[in-house]
Amino acid sequence: MSFEQMWADLAPVGRSARSGGYFRQPFTSAEIELRAWFAEQAEARGLAVEADDFGNLVAWWRPAGVTGPGLLTGSHLDSVLDGGAYDGPLGVVCGLAAVDLLRERGVVPTRPLGVAVFAEEEGSRFGLACLGSRLAAGAISWEQAKQLKDRDGVSVADAMAAADLLGSSEPRPWSAQQRPAAYLELHVEQGRHLVDLGHAVGVGAGIWPHGRYRFEFTGEANHAGTTRMEDRRDPMLTYAVASLAANKQARLAGQRATFGRIQVEPNGTNAVPSQVTAWLDARCETKDTLDQLIRVIERQATERAERDGTSVSLTVESVSGRIDFDPGLATSLAGGHEDGDWPIIPTQAGHDAGILAEAGIPTAMLFVRNPTGVSHSPDEHAETADCLVGVTALADSLERMLS
């Protein structure tokens with residue numbers, strides 16, 4: 001089946017008729033439908049589908065007599081809330097299409113070649129990005145992960161059990177024999193580097209340090225009409241100043257800081273809030289810069305809280321340091337093409353590739369041009385012509401890595 005047909009098959013799954021965006025949260029009906037689609041596509045190609053203990057899938061191409069640690073490509077099928085079509089699924093569909101292209105070329109892998117689908121990459125349901133790859137690589141324990149809960153209070157363990165994905169034995173990370181020899185992930189670019197450089201495909205250099213932080217602003221609930229402004233202890237004001245501080249400090253430093261989610265209690269139109277919980281996403285070029293940015297935002301929020309008669313607490317939910325992909329592998333994949341060398345570019349977005357690289361697995365990324373640079377939005381896009389270039393680039397790169 002062609003890239004175009006596979007892409008058309010995925011288009012309606014989990015799509016909102018209102019916004020055109022996608023709601024493909026892990027272990028829900030839309031994501032389960034995508035997992036079934038992937039298994040069907042793999043089986044149609046004679047690929048052996050294997051599921052690990054954490055909901056990750058791999059479709060293996062193992063020619064007769066070929067054994068040993070495999071080469072992985074792939075990505076994920078889940079989405080952010082009201083997300084775009086390309087973030088994740090592009091890497092999976094291109095992986096299957098690249099297998100088709102390699103077979104057309106008569107390539108016979110000298111080691112197993114797998115197309116992977118990692119679970120809960122976005123962290124949109126349980127709050128921890130790249131959960132499936134973290135668990136597989138042993139970067140987080142099952143004891144820690146199974147207690148994570150979504151906004152409705154459903155735990156990871158219960159969600160997996162409801163989707164019939166949790167086995168009877170205690171889930172375990174990859175063994176030494178299961179660890180891939182290398183990983184190559186193709187992804188839509190979530191920025192404008194390739195547009196500005198005039199290239200359809202680029203190679204990843206590494207991922208900026210990034211973290212997720214929970215701020216809790218606590219005040220006093222009261223009547224919105226009868227409470228004088230000077231008598232209020234309004235945590236919404238403290239949050240508002242913290243949000244403005246994050247924006248200003250990130251702009252001044254040339255970094256990234258975003259309050260993208262808040263929860264207000266009691267969340268009444270005619271009530272002064274008692275508490276505002278807000279989640280900050282911050283990304284910087286270096287870990288020191290990230291730490292400094294968070295300190296400044298916390299300090300300014302605390303200073304404002306003193307004036308508002310409120311309080312602020314900060315909880316670090318997750319932090320990832322700077323990740324550099326294998327430089328030799330990146331240089332090898334980027335050079336020696338008929339249309340010239342592919343550019344090597346950084347990314348500010350997290351990926352399963354970063355988790356595997358941090359686990360010591362030789363890792364590289366390919367990016368496909370995004371004409372607007374928009375991502376995590378229904379407007380996310382890549383031209384079909386560029387996606388097909390991506391399929392060829394992925395097949396070329398896998399062939400090099402297999403040689």
# chains A, B, ... in the order shown; residues from 1 in each chain; ligands from 1
>>> residues_around(residues="Trp208 of chain A", least_positions_apart="2", cutoff="6 Å", atoms="only C-alpha atoms", output="count of residues only")
4
>>> residues_around(residues="Ala85 of chain A", least_positions_apart="6", cutoff="8 Å", atoms="only C-alpha atoms", output="MDAnalysis selection string")
chainID A and resid 11 21:22 378 380:381
>>> write_last_selection(atoms="C-alpha atoms", output="CSV table (one decimal), in the first residue's frame")
chain,number,residue,atom,x,y,z
A,11,ALA,CA,-6.8,10.9,8.3
A,21,GLY,CA,-7.5,18.6,15.2
A,22,TYR,CA,-6.8,15.2,16.6
A,378,PRO,CA,-4.7,21.4,13.6
A,380,GLU,CA,0.3,21.4,11.3
A,381,HIS,CA,1.2,20.4,7.8
>>> select_by_dssp(residues="segment 269-352 of chain A", states="alpha helix (DSSP H)", output="PyMOL selection string")
chain A and resi 287-308+327-334+352
>>> write_last_selection(atoms="N, CA and C atoms", output="mmCIF file, in the first residue's frame")
data_model
loop_
_atom_site.group_PDB
_atom_site.id
_atom_site.type_symbol
_atom_site.label_atom_id
_atom_site.label_comp_id
_atom_site.auth_asym_id
_atom_site.auth_seq_id
_atom_site.Cartn_x
_atom_site.Cartn_y
_atom_site.Cartn_z
ATOM 1 N N LYS A 287 21.301 23.434 30.152
ATOM 2 C CA LYS A 287 20.648 23.126 31.423
ATOM 3 C C LYS A 287 20.804 24.270 32.404
ATOM 4 N N ASP A 288 21.964 24.912 32.439
ATOM 5 C CA ASP A 288 22.172 26.047 33.340
ATOM 6 C C ASP A 288 21.211 27.183 33.010
ATOM 7 N N THR A 289 21.017 27.444 31.723
ATOM 8 C CA THR A 289 20.096 28.497 31.313
ATOM 9 C C THR A 289 18.669 28.150 31.721
ATOM 10 N N LEU A 290 18.311 26.871 31.587
ATOM 11 C CA LEU A 290 16.980 26.431 31.992
ATOM 12 C C LEU A 290 16.784 26.621 33.493
ATOM 13 N N ASP A 291 17.751 26.205 34.283
ATOM 14 C CA ASP A 291 17.649 26.345 35.739
ATOM 15 C C ASP A 291 17.526 27.811 36.138
ATOM 16 N N GLN A 292 18.315 28.661 35.484
ATOM 17 C CA GLN A 292 18.285 30.086 35.797
ATOM 18 C C GLN A 292 16.932 30.698 35.436
ATOM 19 N N LEU A 293 16.397 30.312 34.288
ATOM 20 C CA LEU A 293 15.099 30.829 33.860
ATOM 21 C C LEU A 293 14.011 30.470 34.868
ATOM 22 N N ILE A 294 14.003 29.232 35.333
ATOM 23 C CA ILE A 294 12.991 28.800 36.299
ATOM 24 C C ILE A 294 13.154 29.546 37.618
ATOM 25 N N ARG A 295 14.393 29.759 38.048
ATOM 26 C CA ARG A 295 14.626 30.496 39.297
ATOM 27 C C ARG A 295 14.073 31.913 39.214
ATOM 28 N N VAL A 296 14.289 32.573 38.094
ATOM 29 C CA VAL A 296 13.817 33.952 37.936
ATOM 30 C C VAL A 296 12.293 34.005 37.938
ATOM 31 N N ILE A 297 11.665 33.078 37.218
ATOM 32 C CA ILE A 297 10.199 33.053 37.175
ATOM 33 C C ILE A 297 9.640 32.778 38.568
ATOM 34 N N GLU A 298 10.221 31.819 39.274
ATOM 35 C CA GLU A 298 9.750 31.498 40.629
ATOM 36 C C GLU A 298 9.935 32.693 41.558
ATOM 37 N N ARG A 299 11.086 33.374 41.448
ATOM 38 C CA ARG A 299 11.328 34.527 42.322
ATOM 39 C C ARG A 299 10.315 35.637 42.060
ATOM 40 N N GLN A 300 10.051 35.937 40.800
ATOM 41 C CA GLN A 300 9.111 37.012 40.491
ATOM 42 C C GLN A 300 7.693 36.642 40.917
ATOM 43 N N ALA A 301 7.337 35.358 40.779
ATOM 44 C CA ALA A 301 6.021 34.909 41.230
ATOM 45 C C ALA A 301 5.902 35.031 42.748
ATOM 46 N N THR A 302 6.967 34.692 43.476
ATOM 47 C CA THR A 302 6.954 34.759 44.935
ATOM 48 C C THR A 302 6.855 36.201 45.409
ATOM 49 N N GLU A 303 7.589 37.084 44.746
ATOM 50 C CA GLU A 303 7.522 38.504 45.100
ATOM 51 C C GLU A 303 6.113 39.053 44.891
ATOM 52 N N ARG A 304 5.471 38.662 43.813
ATOM 53 C CA ARG A 304 4.115 39.115 43.561
ATOM 54 C C ARG A 304 3.142 38.519 44.584
ATOM 55 N N ALA A 305 3.373 37.256 44.969
ATOM 56 C CA ALA A 305 2.504 36.617 45.952
ATOM 57 C C ALA A 305 2.530 37.364 47.281
ATOM 58 N N GLU A 306 3.682 37.870 47.653
ATOM 59 C CA GLU A 306 3.787 38.633 48.894
ATOM 60 C C GLU A 306 2.910 39.868 48.847
ATOM 61 N N ARG A 307 2.804 40.489 47.697
ATOM 62 C CA ARG A 307 1.952 41.672 47.551
ATOM 63 C C ARG A 307 0.473 41.298 47.488
ATOM 64 N N ASP A 308 0.179 40.129 46.916
ATOM 65 C CA ASP A 308 -1.210 39.713 46.754
ATOM 66 C C ASP A 308 -1.773 39.016 47.988
ATOM 67 N N PRO A 327 26.987 12.112 16.732
ATOM 68 C CA PRO A 327 27.487 13.042 15.716
ATOM 69 C C PRO A 327 28.041 12.352 14.478
ATOM 70 N N GLY A 328 28.694 11.206 14.669
ATOM 71 C CA GLY A 328 29.209 10.473 13.517
ATOM 72 C C GLY A 328 28.088 9.961 12.639
ATOM 73 N N LEU A 329 27.022 9.477 13.281
ATOM 74 C CA LEU A 329 25.872 8.978 12.534
ATOM 75 C C LEU A 329 25.179 10.116 11.798
ATOM 76 N N ALA A 330 25.015 11.257 12.467
ATOM 77 C CA ALA A 330 24.376 12.412 11.828
ATOM 78 C C ALA A 330 25.161 12.872 10.616
ATOM 79 N N THR A 331 26.479 12.963 10.751
ATOM 80 C CA THR A 331 27.322 13.397 9.630
ATOM 81 C C THR A 331 27.255 12.404 8.482
ATOM 82 N N SER A 332 27.255 11.118 8.825
ATOM 83 C CA SER A 332 27.181 10.086 7.801
ATOM 84 C C SER A 332 25.876 10.154 7.022
ATOM 85 N N LEU A 333 24.760 10.369 7.733
ATOM 86 C CA LEU A 333 23.461 10.415 7.067
ATOM 87 C C LEU A 333 23.273 11.701 6.271
ATOM 88 N N ALA A 334 23.882 12.786 6.722
ATOM 89 C CA ALA A 334 23.659 14.086 6.081
ATOM 90 C C ALA A 334 24.442 14.258 4.790
ATOM 91 N N ASP A 352 11.001 10.446 21.352
ATOM 92 C CA ASP A 352 11.481 9.146 21.825
ATOM 93 C C ASP A 352 12.958 8.949 21.484
#
>>> residues_around(residues="Leu366 of chain A", least_positions_apart="6", cutoff="10 Å", atoms="only C-alpha atoms", output="PyMOL selection string")
chain A and resi 91+184-189+201-205+330+333-334+342+344-345+390+393-394+397
>>> select_by_dssp(residues="segment 94-293 of chain A", states="strand (DSSP E)", output="JSON list (two decimals) with N, CA, C and O atoms, in the first residue's frame")
[["chain", "number", "residue", "atom", "x", "y", "z"],
["A", 113, "LEU", "N", 15.26, -5.42, 11.06],
["A", 113, "LEU", "CA", 14.84, -4.03, 10.89],
["A", 113, "LEU", "C", 13.41, -3.91, 11.39],
["A", 113, "LEU", "O", 12.51, -4.62, 10.92],
["A", 114, "GLY", "N", 13.19, -3.02, 12.34],
["A", 114, "GLY", "CA", 11.87, -2.88, 12.95],
["A", 114, "GLY", "C", 11.30, -1.48, 12.79],
["A", 114, "GLY", "O", 12.04, -0.49, 12.78],
["A", 115, "VAL", "N", 9.97, -1.42, 12.64],
["A", 115, "VAL", "CA", 9.24, -0.16, 12.65],
["A", 115, "VAL", "C", 8.50, -0.10, 13.98],
["A", 115, "VAL", "O", 7.65, -0.96, 14.27],
["A", 116, "ALA", "N", 8.83, 0.89, 14.79],
["A", 116, "ALA", "CA", 8.31, 0.96, 16.16],
["A", 116, "ALA", "C", 7.19, 1.98, 16.30],
["A", 116, "ALA", "O", 7.16, 3.00, 15.61],
["A", 117, "VAL", "N", 6.27, 1.68, 17.21],
["A", 117, "VAL", "CA", 5.25, 2.63, 17.67],
["A", 117, "VAL", "C", 5.39, 2.72, 19.19],
["A", 117, "VAL", "O", 5.10, 1.75, 19.90],
["A", 118, "PHE", "N", 5.85, 3.86, 19.68],
["A", 118, "PHE", "CA", 6.01, 4.04, 21.13],
["A", 118, "PHE", "C", 4.73, 4.65, 21.72],
["A", 118, "PHE", "O", 4.10, 5.50, 21.11],
["A", 182, "ALA", "N", 20.52, 0.39, 17.10],
["A", 182, "ALA", "CA", 20.49, 1.81, 16.72],
["A", 182, "ALA", "C", 19.04, 2.19, 16.45],
["A", 182, "ALA", "O", 18.18, 1.32, 16.23],
["A", 183, "TYR", "N", 18.76, 3.50, 16.49],
["A", 183, "TYR", "CA", 17.39, 3.99, 16.26],
["A", 183, "TYR", "C", 17.46, 5.22, 15.37],
["A", 183, "TYR", "O", 18.27, 6.13, 15.59],
["A", 184, "LEU", "N", 16.59, 5.24, 14.36],
["A", 184, "LEU", "CA", 16.48, 6.38, 13.44],
["A", 184, "LEU", "C", 15.02, 6.78, 13.36],
["A", 184, "LEU", "O", 14.19, 6.01, 12.91],
["A", 185, "GLU", "N", 14.72, 7.98, 13.82],
["A", 185, "GLU", "CA", 13.33, 8.47, 13.84],
["A", 185, "GLU", "C", 13.13, 9.58, 12.82],
["A", 185, "GLU", "O", 13.90, 10.55, 12.80],
["A", 186, "LEU", "N", 12.11, 9.44, 11.99],
["A", 186, "LEU", "CA", 11.71, 10.51, 11.08],
["A", 186, "LEU", "C", 10.53, 11.25, 11.71],
["A", 186, "LEU", "O", 9.62, 10.63, 12.25],
["A", 187, "HIS", "N", 10.56, 12.58, 11.60],
["A", 187, "HIS", "CA", 9.52, 13.40, 12.24],
["A", 187, "HIS", "C", 9.29, 14.65, 11.42],
["A", 187, "HIS", "O", 10.21, 15.16, 10.77],
["A", 188, "VAL", "N", 8.05, 15.14, 11.43],
["A", 188, "VAL", "CA", 7.80, 16.44, 10.82],
["A", 188, "VAL", "C", 8.56, 17.49, 11.64],
["A", 188, "VAL", "O", 8.64, 17.39, 12.87],
["A", 201, "VAL", "N", 14.41, 17.96, 3.63],
["A", 201, "VAL", "CA", 14.81, 17.02, 4.68],
["A", 201, "VAL", "C", 16.04, 17.54, 5.40],
["A", 201, "VAL", "O", 16.95, 18.12, 4.77],
["A", 202, "GLY", "N", 16.08, 17.34, 6.69],
["A", 202, "GLY", "CA", 17.26, 17.69, 7.49],
["A", 202, "GLY", "C", 17.55, 16.59, 8.49],
["A", 202, "GLY", "O", 16.74, 15.68, 8.71],
["A", 203, "VAL", "N", 18.72, 16.66, 9.11],
["A", 203, "VAL", "CA", 19.17, 15.68, 10.09],
["A", 203, "VAL", "C", 19.26, 16.36, 11.45],
["A", 203, "VAL", "O", 19.73, 17.50, 11.56],
["A", 204, "GLY", "N", 18.81, 15.68, 12.50],
["A", 204, "GLY", "CA", 18.82, 16.26, 13.83],
["A", 204, "GLY", "C", 20.20, 16.28, 14.46],
["A", 204, "GLY", "O", 20.95, 15.30, 14.38],
["A", 205, "ALA", "N", 20.52, 17.41, 15.10],
["A", 205, "ALA", "CA", 21.77, 17.52, 15.84],
["A", 205, "ALA", "C", 21.59, 17.12, 17.29],
["A", 205, "ALA", "O", 22.44, 16.45, 17.88],
["A", 206, "GLY", "N", 20.47, 17.53, 17.88],
["A", 206, "GLY", "CA", 20.21, 17.23, 19.28],
["A", 206, "GLY", "C", 18.97, 17.95, 19.75],
["A", 206, "GLY", "O", 18.32, 18.67, 18.99],
["A", 207, "ILE", "N", 18.65, 17.76, 21.02],
["A", 207, "ILE", "CA", 17.43, 18.30, 21.62],
["A", 207, "ILE", "C", 17.79, 19.22, 22.78],
["A", 207, "ILE", "O", 18.62, 18.86, 23.63],
["A", 210, "HIS", "N", 14.79, 20.53, 28.49],
["A", 210, "HIS", "CA", 13.43, 21.02, 28.68],
["A", 210, "HIS", "C", 12.83, 20.39, 29.92],
["A", 210, "HIS", "O", 13.27, 19.33, 30.39],
["A", 211, "GLY", "N", 11.82, 21.07, 30.45],
["A", 211, "GLY", "CA", 11.19, 20.57, 31.67],
["A", 211, "GLY", "C", 9.74, 20.99, 31.77],
["A", 211, "GLY", "O", 9.29, 21.92, 31.09],
["A", 212, "ARG", "N", 9.01, 20.28, 32.64],
["A", 212, "ARG", "CA", 7.63, 20.61, 32.95],
["A", 212, "ARG", "C", 7.54, 20.87, 34.46],
["A", 212, "ARG", "O", 8.01, 20.07, 35.26],
["A", 213, "TYR", "N", 6.91, 21.99, 34.80],
["A", 213, "TYR", "CA", 6.88, 22.46, 36.18],
["A", 213, "TYR", "C", 5.45, 22.81, 36.58],
["A", 213, "TYR", "O", 4.74, 23.48, 35.83],
["A", 214, "ARG", "N", 5.05, 22.39, 37.77],
["A", 214, "ARG", "CA", 3.71, 22.69, 38.27],
["A", 214, "ARG", "C", 3.79, 23.78, 39.33],
["A", 214, "ARG", "O", 4.44, 23.62, 40.36],
["A", 215, "PHE", "N", 3.12, 24.89, 39.07],
["A", 215, "PHE", "CA", 3.02, 26.00, 40.02],
["A", 215, "PHE", "C", 1.65, 25.94, 40.67],
["A", 215, "PHE", "O", 0.63, 25.84, 39.99],
["A", 216, "GLU", "N", 1.62, 26.04, 42.00],
["A", 216, "GLU", "CA", 0.36, 26.12, 42.72],
["A", 216, "GLU", "C", 0.28, 27.47, 43.44],
["A", 216, "GLU", "O", 1.10, 27.76, 44.30],
["A", 217, "PHE", "N", -0.70, 28.26, 43.04],
["A", 217, "PHE", "CA", -0.93, 29.59, 43.60],
["A", 217, "PHE", "C", -2.15, 29.49, 44.51],
["A", 217, "PHE", "O", -3.25, 29.18, 44.05],
["A", 218, "THR", "N", -1.98, 29.75, 45.80],
["A", 218, "THR", "CA", -3.05, 29.56, 46.77],
["A", 218, "THR", "C", -3.46, 30.89, 47.39],
["A", 218, "THR", "O", -2.60, 31.69, 47.78],
["A", 222, "ASN", "N", -13.69, 33.85, 47.73],
["A", 222, "ASN", "CA", -14.57, 34.88, 48.27],
["A", 222, "ASN", "C", -15.56, 35.31, 47.20],
["A", 222, "ASN", "O", -15.45, 34.89, 46.04],
["A", 223, "HIS", "N", -16.48, 36.15, 47.59],
["A", 223, "HIS", "CA", -17.55, 36.61, 46.70],
["A", 223, "HIS", "C", -17.01, 37.64, 45.71],
["A", 223, "HIS", "O", -16.35, 38.61, 46.11],
["A", 256, "ARG", "N", 12.53, 29.50, 25.60],
["A", 256, "ARG", "CA", 11.12, 29.19, 25.45],
["A", 256, "ARG", "C", 10.51, 28.95, 26.83],
["A", 256, "ARG", "O", 11.08, 28.22, 27.64],
["A", 257, "ALA", "N", 9.35, 29.54, 27.08],
["A", 257, "ALA", "CA", 8.61, 29.30, 28.32],
["A", 257, "ALA", "C", 7.13, 29.50, 28.05],
["A", 257, "ALA", "O", 6.74, 30.54, 27.50],
["A", 258, "THR", "N", 6.32, 28.51, 28.43],
["A", 258, "THR", "CA", 4.90, 28.54, 28.08],
["A", 258, "THR", "C", 4.05, 27.99, 29.22],
["A", 258, "THR", "O", 4.23, 26.83, 29.63],
["A", 259, "PHE", "N", 3.14, 28.80, 29.73],
["A", 259, "PHE", "CA", 2.08, 28.29, 30.58],
["A", 259, "PHE", "C", 0.94, 27.90, 29.64],
["A", 259, "PHE", "O", 0.22, 28.75, 29.12],
["A", 260, "GLY", "N", 0.75, 26.59, 29.43],
["A", 260, "GLY", "CA", -0.23, 26.13, 28.47],
["A", 260, "GLY", "C", -1.44, 25.45, 29.08],
["A", 260, "GLY", "O", -2.39, 25.13, 28.37],
["A", 261, "ARG", "N", -1.41, 25.24, 30.39],
["A", 261, "ARG", "CA", -2.53, 24.54, 31.04],
["A", 261, "ARG", "C", -2.73, 25.10, 32.43],
["A", 261, "ARG", "O", -1.76, 25.28, 33.18],
["A", 262, "ILE", "N", -3.98, 25.41, 32.79],
["A", 262, "ILE", "CA", -4.28, 25.86, 34.14],
["A", 262, "ILE", "C", -5.53, 25.15, 34.66],
["A", 262, "ILE", "O", -6.37, 24.69, 33.89],
["A", 263, "GLN", "N", -5.61, 25.09, 35.97],
["A", 263, "GLN", "CA", -6.78, 24.51, 36.65],
["A", 263, "GLN", "C", -7.15, 25.45, 37.78],
["A", 263, "GLN", "O", -6.31, 25.80, 38.61],
["A", 264, "VAL", "N", -8.40, 25.90, 37.81],
["A", 264, "VAL", "CA", -8.84, 26.91, 38.76],
["A", 264, "VAL", "C", -9.87, 26.31, 39.71],
["A", 264, "VAL", "O", -10.77, 25.59, 39.28],
["A", 265, "GLU", "N", -9.73, 26.63, 40.99],
["A", 265, "GLU", "CA", -10.70, 26.18, 41.99],
["A", 265, "GLU", "C", -11.25, 27.40, 42.73],
["A", 265, "GLU", "O", -10.47, 28.29, 43.09],
["A", 271, "ALA", "N", -16.90, 34.02, 41.70],
["A", 271, "ALA", "CA", -16.10, 33.75, 42.89],
["A", 271, "ALA", "C", -14.64, 34.08, 42.66],
["A", 271, "ALA", "O", -14.09, 33.79, 41.60],
["A", 272, "VAL", "N", -14.02, 34.69, 43.67],
["A", 272, "VAL", "CA", -12.57, 34.83, 43.67],
["A", 272, "VAL", "C", -11.98, 33.43, 43.88],
["A", 272, "VAL", "O", -12.41, 32.71, 44.79],
["A", 275, "GLN", "N", -7.57, 28.69, 44.53],
["A", 275, "GLN", "CA", -6.30, 28.12, 44.06],
["A", 275, "GLN", "C", -6.25, 28.08, 42.55],
["A", 275, "GLN", "O", -7.25, 27.80, 41.89],
["A", 276, "VAL", "N", -5.07, 28.35, 42.02],
["A", 276, "VAL", "CA", -4.81, 28.19, 40.59],
["A", 276, "VAL", "C", -3.59, 27.29, 40.45],
["A", 276, "VAL", "O", -2.53, 27.56, 41.04],
["A", 277, "THR", "N", -3.75, 26.21, 39.72],
["A", 277, "THR", "CA", -2.62, 25.33, 39.42],
["A", 277, "THR", "C", -2.29, 25.52, 37.94],
["A", 277, "THR", "O", -3.18, 25.45, 37.09],
["A", 278, "ALA", "N", -1.03, 25.78, 37.66],
["A", 278, "ALA", "CA", -0.61, 26.08, 36.29],
["A", 278, "ALA", "C", 0.64, 25.30, 35.95],
["A", 278, "ALA", "O", 1.55, 25.17, 36.79],
["A", 279, "TRP", "N", 0.68, 24.78, 34.73],
["A", 279, "TRP", "CA", 1.81, 23.98, 34.28],
["A", 279, "TRP", "C", 2.65, 24.77, 33.29],
["A", 279, "TRP", "O", 2.14, 25.27, 32.28],
["A", 280, "LEU", "N", 3.94, 24.86, 33.59],
["A", 280, "LEU", "CA", 4.89, 25.59, 32.75],
["A", 280, "LEU", "C", 5.76, 24.61, 31.98],
["A", 280, "LEU", "O", 6.32, 23.67, 32.54],
["A", 281, "ASP", "N", 5.87, 24.84, 30.68],
["A", 281, "ASP", "CA", 6.80, 24.11, 29.82],
["A", 281, "ASP", "C", 7.93, 25.07, 29.48],
["A", 281, "ASP", "O", 7.68, 26.16, 28.96],
["A", 282, "ALA", "N", 9.15, 24.69, 29.79],
["A", 282, "ALA", "CA", 10.30, 25.56, 29.53],
["A", 282, "ALA", "C", 11.40, 24.79, 28.81],
["A", 282, "ALA", "O", 11.66, 23.62, 29.14],
["A", 283, "ARG", "N", 12.05, 25.45, 27.83],
["A", 283, "ARG", "CA", 13.09, 24.82, 27.02],
["A", 283, "ARG", "C", 14.19, 25.84, 26.76],
["A", 283, "ARG", "O", 13.90, 26.97, 26.37]]
>>> residues_around(residues="Gly123 of chain A", least_positions_apart="2", cutoff="10 Å", atoms="only C-alpha atoms", output="number ranges by chain")
A: 25-26, 78-80, 119-121, 125-132, 150
>>> write_last_selection(atoms="C-alpha atoms", output="short mmCIF file (atom, residue, chain, number, x, y, z; two decimals), in the first residue's frame")
data_model
loop_
_atom_site.label_atom_id
_atom_site.label_comp_id
_atom_site.auth_asym_id
_atom_site.auth_seq_id
_atom_site.Cartn_x
_atom_site.Cartn_y
_atom_site.Cartn_z
CA GLN A 25 -4.84 9.89 23.64
CA PRO A 26 -3.04 6.72 24.74
CA ASP A 78 -0.76 9.38 19.97
CA SER A 79 -1.38 13.12 19.76
CA VAL A 80 -1.53 16.19 21.95
CA ALA A 119 3.15 4.64 23.58
CA GLU A 120 2.26 7.98 25.20
CA GLU A 121 5.03 9.99 23.54
CA ARG A 125 -2.85 11.96 29.02
CA PHE A 126 -0.58 11.00 31.92
CA GLY A 127 1.67 14.05 32.06
CA LEU A 128 5.03 12.42 31.36
CA ALA A 129 6.28 12.65 27.79
CA CYS A 130 7.86 9.63 26.08
CA LEU A 131 6.44 7.30 28.70
CA GLY A 132 6.62 4.15 26.55
CA ASP A 150 -4.89 11.32 33.87
#
>>> residues_around(residues="Val108 of chain A", least_positions_apart="6", cutoff="12 Å", atoms="only C-alpha atoms", output="PyMOL selection string")
chain A and resi 61-66+99-102+398-399+402-403
>>> closest_residue(among="A:Arg18, A:Arg232, A:His199, A:Arg111", to="Ala181 of chain A", atoms="only C-alpha atoms")
A:Arg111
>>> residues_around(residues="Glu170 of chain A", least_positions_apart="6", cutoff="12 Å", atoms="only C-alpha atoms", output="PyMOL selection string")
chain A and resi 52-54+141-143+146+157
>>> residues_around(residues="Ser16 of chain A", least_positions_apart="6", cutoff="12 Å", atoms="only C-alpha atoms", output="PDB file with N, CA, C and O atoms, in the first residue's frame")
ATOM      1  N   TYR A  22      -6.734  16.595  16.216  1.00  0.00           N
ATOM      2  CA  TYR A  22      -6.772  15.185  16.585  1.00  0.00           C
ATOM      3  C   TYR A  22      -6.731  14.986  18.098  1.00  0.00           C
ATOM      4  O   TYR A  22      -6.006  15.675  18.809  1.00  0.00           O
ATOM      5  N   PHE A  23      -7.537  14.017  18.545  1.00  0.00           N
ATOM      6  CA  PHE A  23      -7.563  13.594  19.936  1.00  0.00           C
ATOM      7  C   PHE A  23      -7.290  12.088  19.940  1.00  0.00           C
ATOM      8  O   PHE A  23      -8.197  11.271  19.856  1.00  0.00           O
ATOM      9  N   ARG A  24      -6.009  11.763  20.007  1.00  0.00           N
ATOM     10  CA  ARG A  24      -5.577  10.360  19.964  1.00  0.00           C
ATOM     11  C   ARG A  24      -4.793  10.050  21.236  1.00  0.00           C
ATOM     12  O   ARG A  24      -3.600   9.805  21.216  1.00  0.00           O
ATOM     13  N   ALA A  30      -9.520   5.844  19.847  1.00  0.00           N
ATOM     14  CA  ALA A  30      -8.849   6.299  18.625  1.00  0.00           C
ATOM     15  C   ALA A  30      -7.444   5.713  18.527  1.00  0.00           C
ATOM     16  O   ALA A  30      -7.037   5.218  17.464  1.00  0.00           O
ATOM     17  N   LEU A  81      -3.597  17.115  22.782  1.00  0.00           N
ATOM     18  CA  LEU A  81      -5.012  17.463  22.706  1.00  0.00           C
ATOM     19  C   LEU A  81      -5.235  18.449  21.573  1.00  0.00           C
ATOM     20  O   LEU A  81      -4.607  19.509  21.528  1.00  0.00           O
ATOM     21  N   ASP A  82      -6.123  18.103  20.651  1.00  0.00           N
ATOM     22  CA  ASP A  82      -6.433  18.929  19.484  1.00  0.00           C
ATOM     23  C   ASP A  82      -5.172  19.198  18.663  1.00  0.00           C
ATOM     24  O   ASP A  82      -4.898  20.318  18.250  1.00  0.00           O
ATOM     25  N   GLY A  83      -4.402  18.140  18.426  1.00  0.00           N
ATOM     26  CA  GLY A  83      -3.120  18.266  17.736  1.00  0.00           C
ATOM     27  C   GLY A  83      -3.226  18.105  16.237  1.00  0.00           C
ATOM     28  O   GLY A  83      -4.306  18.003  15.651  1.00  0.00           O
ATOM     29  N   GLY A  84      -2.054  18.090  15.607  1.00  0.00           N
ATOM     30  CA  GLY A  84      -1.965  17.958  14.158  1.00  0.00           C
ATOM     31  C   GLY A  84      -1.847  16.514  13.718  1.00  0.00           C
ATOM     32  O   GLY A  84      -1.643  15.600  14.534  1.00  0.00           O
ATOM     33  N   ALA A  85      -1.930  16.315  12.411  1.00  0.00           N
ATOM     34  CA  ALA A  85      -1.928  14.964  11.848  1.00  0.00           C
ATOM     35  C   ALA A  85      -0.534  14.356  11.755  1.00  0.00           C
ATOM     36  O   ALA A  85      -0.389  13.127  11.748  1.00  0.00           O
ATOM     37  N   SER A 377      -0.985  21.652  16.668  1.00  0.00           N
ATOM     38  CA  SER A 377      -2.131  22.451  16.250  1.00  0.00           C
ATOM     39  C   SER A 377      -2.767  21.779  15.037  1.00  0.00           C
ATOM     40  O   SER A 377      -2.076  21.102  14.263  1.00  0.00           O
ATOM     41  N   PRO A 378      -4.078  21.968  14.829  1.00  0.00           N
ATOM     42  CA  PRO A 378      -4.694  21.420  13.621  1.00  0.00           C
ATOM     43  C   PRO A 378      -4.067  21.937  12.334  1.00  0.00           C
ATOM     44  O   PRO A 378      -4.213  21.314  11.274  1.00  0.00           O
TER      45      PRO A 378
END
>>> closest_residue(among="A:Asp326, A:Asp158, A:Glu317, A:Glu383", to="Glu358 of chain A", atoms="only C-alpha atoms")
A:Asp326
>>> closest_residue(among="A:Asn267, A:Glu220, A:His376, A:Leu10", to="Ser124 of chain A", atoms="only C-alpha atoms")
A:His376
